[in-house]
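Asker: This is the structure, below, for whatever I ask next.
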Amino acid sequence: MKFGIVVNEGPYTHQASDSAYNFVKAALATGHEVSRVFFYHDGVNVGTRLSIPPQDDRQIQEQWSALAKEHELDLVICIAAAQRRGLLDRNEADRQGKDANNIAEGFRISGLGQLIEMGIQADRTITFGD
Amino acid sequence: MSTLHTVNKSPFQNQTLISCLGHTKAGDSVLLIEDGVYGAMSGNAMSEVVAGMGANVKLFVLGPDVAARGIDAARVAEGFSQVDYEGFVDMAASCDRVQNWL
Amino acid sequence: MSKVKKFLYVNRKAPYGTIYAQEALEVVLIGAAFDQDVSLAFLDDGVFQLTKGQDTKEAGLKNFSPTFRALGDYEVTKLYVEQESLDERGLTLDDLQDIQYEDEDDDYAEKPSIIVVSRAGMADVMADQDVVLSF
């Protein structure tokens, strides 16, 4: 079965991204497919490579990047939410004349249409949020 | 045809669990996750309401979130079954749709 | 061509205090381009999103309430509003914006988009969907 996942809340503030991560890991471990994870609202903050969590805490971005690499997951960050919150890839930084980018490995930035497309293509859409 | 509902708020914080239970159909499943797991506890001001409104649905609670909050298994109300994340995935796969009450 | 799916956008939160109501509208507008069968549900504090007379000037926020009246132009014509949620909050249909769409199958007659349903009716609407997105 194909799952589509939405993450609506920010890491280290809300449990949503942790719950989503555990769900995705369990889905993959039981032979299901995860067609896309869509990060929306403050959830886009999961995708910055510049976060430095304390060493004794979980490394949320690194966990997602590693899982994406291992399973070729499509981690999509909502562009409108990302721009509002200062999350940029290289193209977007260049286009907007910003002097830095911060998107982490395994994530890509795209539009809200990707959320709808995921809902159409996935067998089940699960939202983790507030 | 059935729905898996998830609720992630304590019933002492807001009406989400009550609203969810008020919109379920017989045979649906309701899974409490995150702070929602406090809704599965017995012996409190909400227990009877939850048991009454949830009489026609299957009630579940996410074990890892119960454990994280130090809720003893003995305090989980009788009507609730504990599942782990793989159980959560199985339930999502076997229902017809998932509705996450945020 | 894949089958058209039934999408329900569930609105249970009041506007302005948090971003969710505004973002839900944004998703609905983007989603309209995908030609799916779209419905919106307003229950609990979500019914406050539809009230008349919202004026955000002094609060310094973006007033997105006029957008509801434009939904018909995007062929989003089913706005289910729960009667019990209105009653609990002391609201009636008169407190809500008059939201209409032009029915192209009926000589573009203007028809109301708001469909008031009971709690049980709302449960029926929810159980009749393929994809439920909550905000």
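To be explicit about the labels: the chains of the structure tokens are called A, B, and onward in the order shown, and within each one the residues are counted from 1, while ligands get numbers from 1 in the order they are shown.
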For chain B, report every residue with an atom at most 8 Å from chain A (counting only C-alpha atoms), formatted as a PyMOL selection string.
Answerer: chain B and resi 8+34+85-86+88-89+92-93+97-100+102
Asker: I need the chain C residues near chain B as an MDAnalysis selection string; criterion: at most 12 Å, counting only C-alpha atoms.
Answerer: chainID C and resid 5:13 20 43:46 82 84:85 118:135
Asker: Would you put the residues from that selection into a file with N, CA and C atoms, as an mmCIF file, in the first residue's frame?
Answerer:
data_model
loop_
_atom_site.group_PDB
_atom_site.id
_atom_site.type_symbol
_atom_site.label_atom_id
_atom_site.label_comp_id
_atom_site.auth_asym_id
_atom_site.auth_seq_id
_atom_site.Cartn_x
_atom_site.Cartn_y
_atom_site.Cartn_z
ATOM 1 N N LYS C 5 -10.953 11.667 -7.206
ATOM 2 C CA LYS C 5 -11.091 11.348 -5.779
ATOM 3 C C LYS C 5 -11.930 12.400 -5.072
ATOM 4 N N LYS C 6 -12.568 11.954 -3.999
ATOM 5 C CA LYS C 6 -13.324 12.892 -3.171
ATOM 6 C C LYS C 6 -12.407 13.418 -2.065
ATOM 7 N N PHE C 7 -12.156 14.710 -2.097
ATOM 8 C CA PHE C 7 -11.308 15.385 -1.113
ATOM 9 C C PHE C 7 -12.190 16.175 -0.150
ATOM 10 N N LEU C 8 -11.955 15.997 1.137
ATOM 11 C CA LEU C 8 -12.645 16.822 2.128
ATOM 12 C C LEU C 8 -11.614 17.611 2.938
ATOM 13 N N TYR C 9 -11.790 18.904 2.973
ATOM 14 C CA TYR C 9 -10.944 19.767 3.787
ATOM 15 C C TYR C 9 -11.700 20.084 5.074
ATOM 16 N N VAL C 10 -11.171 19.639 6.190
ATOM 17 C CA VAL C 10 -11.867 19.779 7.463
ATOM 18 C C VAL C 10 -11.343 20.997 8.219
ATOM 19 N N ASN C 11 -12.238 21.922 8.494
ATOM 20 C CA ASN C 11 -11.876 23.156 9.197
ATOM 21 C C ASN C 11 -12.504 23.165 10.577
ATOM 22 N N ARG C 12 -11.671 23.043 11.599
ATOM 23 C CA ARG C 12 -12.178 23.012 12.978
ATOM 24 C C ARG C 12 -11.589 24.133 13.824
ATOM 25 N N LYS C 13 -10.850 25.019 13.190
ATOM 26 C CA LYS C 13 -10.184 26.068 13.977
ATOM 27 C C LYS C 13 -10.660 27.454 13.558
ATOM 28 N N TYR C 20 -3.882 28.157 10.316
ATOM 29 C CA TYR C 20 -4.449 26.984 9.635
ATOM 30 C C TYR C 20 -5.619 27.289 8.702
ATOM 31 N N LEU C 43 -16.795 22.814 11.174
ATOM 32 C CA LEU C 43 -17.400 22.370 12.424
ATOM 33 C C LEU C 43 -16.548 22.888 13.583
ATOM 34 N N ASP C 44 -17.082 22.725 14.786
ATOM 35 C CA ASP C 44 -16.421 23.275 15.971
ATOM 36 C C ASP C 44 -16.046 24.746 15.695
ATOM 37 N N ASP C 45 -14.889 25.213 16.136
ATOM 38 C CA ASP C 45 -14.569 26.630 15.933
ATOM 39 C C ASP C 45 -14.378 27.004 14.456
ATOM 40 N N GLY C 46 -14.323 26.009 13.596
ATOM 41 C CA GLY C 46 -14.198 26.276 12.162
ATOM 42 C C GLY C 46 -15.340 27.115 11.607
ATOM 43 N N GLU C 82 -21.822 22.673 10.138
ATOM 44 C CA GLU C 82 -22.540 21.847 11.106
ATOM 45 C C GLU C 82 -23.471 22.680 11.985
ATOM 46 N N GLU C 84 -25.040 21.923 14.814
ATOM 47 C CA GLU C 84 -24.751 21.882 16.259
ATOM 48 C C GLU C 84 -23.604 22.827 16.620
ATOM 49 N N SER C 85 -22.611 22.905 15.749
ATOM 50 C CA SER C 85 -21.479 23.801 16.024
ATOM 51 C C SER C 85 -21.940 25.253 16.016
ATOM 52 N N SER C 118 -26.618 18.383 10.007
ATOM 53 C CA SER C 118 -26.564 18.010 11.421
ATOM 54 C C SER C 118 -25.223 17.320 11.691
ATOM 55 N N ARG C 119 -24.938 17.065 12.954
ATOM 56 C CA ARG C 119 -23.700 16.354 13.306
ATOM 57 C C ARG C 119 -23.667 14.976 12.633
ATOM 58 N N ALA C 120 -24.824 14.310 12.657
ATOM 59 C CA ALA C 120 -24.882 12.989 12.009
ATOM 60 C C ALA C 120 -24.682 13.125 10.505
ATOM 61 N N GLY C 121 -25.233 14.209 9.954
ATOM 62 C CA GLY C 121 -25.052 14.464 8.519
ATOM 63 C C GLY C 121 -23.596 14.727 8.194
ATOM 64 N N MET C 122 -22.915 15.446 9.093
ATOM 65 C CA MET C 122 -21.487 15.723 8.883
ATOM 66 C C MET C 122 -20.689 14.414 8.933
ATOM 67 N N ALA C 123 -21.078 13.525 9.846
ATOM 68 C CA ALA C 123 -20.399 12.227 9.925
ATOM 69 C C ALA C 123 -20.570 11.458 8.613
ATOM 70 N N ASP C 124 -21.767 11.568 8.019
ATOM 71 C CA ASP C 124 -22.007 10.918 6.724
ATOM 72 C C ASP C 124 -21.109 11.507 5.647
ATOM 73 N N VAL C 125 -20.982 12.840 5.635
ATOM 74 C CA VAL C 125 -20.118 13.497 4.646
ATOM 75 C C VAL C 125 -18.682 13.004 4.807
ATOM 76 N N MET C 126 -18.230 12.938 6.053
ATOM 77 C CA MET C 126 -16.841 12.520 6.315
ATOM 78 C C MET C 126 -16.593 11.078 5.882
ATOM 79 N N ALA C 127 -17.601 10.234 6.087
ATOM 80 C CA ALA C 127 -17.433 8.809 5.787
ATOM 81 C C ALA C 127 -17.535 8.520 4.295
ATOM 82 N N ASP C 128 -17.796 9.548 3.513
ATOM 83 C CA ASP C 128 -18.023 9.374 2.078
ATOM 84 C C ASP C 128 -16.834 9.883 1.251
ATOM 85 N N GLN C 129 -15.652 10.013 1.896
ATOM 86 C CA GLN C 129 -14.511 10.653 1.238
ATOM 87 C C GLN C 129 -13.396 9.656 0.932
ATOM 88 N N ASP C 130 -12.534 10.041 0.001
ATOM 89 C CA ASP C 130 -11.310 9.275 -0.246
ATOM 90 C C ASP C 130 -10.136 9.870 0.532
ATOM 91 N N VAL C 131 -10.051 11.199 0.545
ATOM 92 C CA VAL C 131 -8.935 11.870 1.201
ATOM 93 C C VAL C 131 -9.489 12.941 2.134
ATOM 94 N N VAL C 132 -9.109 12.872 3.404
ATOM 95 C CA VAL C 132 -9.549 13.878 4.371
ATOM 96 C C VAL C 132 -8.321 14.655 4.837
ATOM 97 N N LEU C 133 -8.298 15.936 4.547
ATOM 98 C CA LEU C 133 -7.177 16.778 4.992
ATOM 99 C C LEU C 133 -7.683 17.719 6.084
ATOM 100 N N SER C 134 -7.051 17.644 7.248
ATOM 101 C CA SER C 134 -7.489 18.446 8.390
ATOM 102 C C SER C 134 -6.583 19.642 8.593
ATOM 103 N N PHE C 135 -7.190 20.741 8.955
ATOM 104 C CA PHE C 135 -6.426 21.968 9.211
ATOM 105 C C PHE C 135 -6.736 22.517 10.591
#
Asker: Can you list every residue in region 7-130 of chain A that DSSP puts in alpha helix (DSSP H), as a ChimeraX atom specification?
Answerer: /A:16-29,60-71,79-85,90-95,113-121
Asker: Rank nothing, just name the residue among C:Thr77, C:Gln36, C:Gln97, C:Gln54 nearest to chain A, using only C-alpha atoms.
Answerer: C:Gln36
Asker: Would you return as number ranges by chain the members of region 5-38 of chain A that DSSP assigns to strand (DSSP E or B) on this structure's backbone?
Answerer: A: 5-7, 33-38
Asker: Between A:Phe107, A:Ala81, A:Ala100, A:Gln59, which residue has the minimum interatomic distance to chain C, considering only C-alpha atoms?
Answerer: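 Ranked by minimum distance to chain C, first place goes to A:Ala81.
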Asker: Considering only C-alpha atoms, extract the chain A residues located within 7 Å of chain C and return them as JSON, numbers by chain.
Answerer: {"A": [112, 113, 116, 119, 120, 125]}
Asker: Please identify all polymer residues within 12 Å of Asp103 (chain C), counting only C-alpha atoms, omitting same-chain residues fewer than 4 positions from it, and present them as a VMD selection string.
Answerer: chain C and resid 72 to 73 75 to 77 107 to 113
Asker: With C-alpha atoms retained, could you export that selection as a PDB file, in the first residue's frame?
Answerer:
ATOM      1  CA  GLY C  72     -17.479  29.282  -6.637  1.00  0.00           C
ATOM      2  CA  ASP C  73     -15.274  30.628  -9.430  1.00  0.00           C
ATOM      3  CA  GLU C  75     -15.878  25.259  -8.857  1.00  0.00           C
ATOM      4  CA  VAL C  76     -15.658  24.686  -5.117  1.00  0.00           C
ATOM      5  CA  THR C  77     -19.350  24.739  -4.299  1.00  0.00           C
ATOM      6  CA  ASP C 107     -28.414  28.676 -16.773  1.00  0.00           C
ATOM      7  CA  TYR C 108     -25.838  30.101 -14.324  1.00  0.00           C
ATOM      8  CA  ALA C 109     -28.424  30.553 -11.609  1.00  0.00           C
ATOM      9  CA  GLU C 110     -26.894  31.731  -8.346  1.00  0.00           C
ATOM     10  CA  LYS C 111     -27.134  29.060  -5.673  1.00  0.00           C
ATOM     11  CA  PRO C 112     -25.949  28.934  -2.057  1.00  0.00           C
ATOM     12  CA  SER C 113     -22.670  27.069  -1.464  1.00  0.00           C
TER      13      SER C 113
END
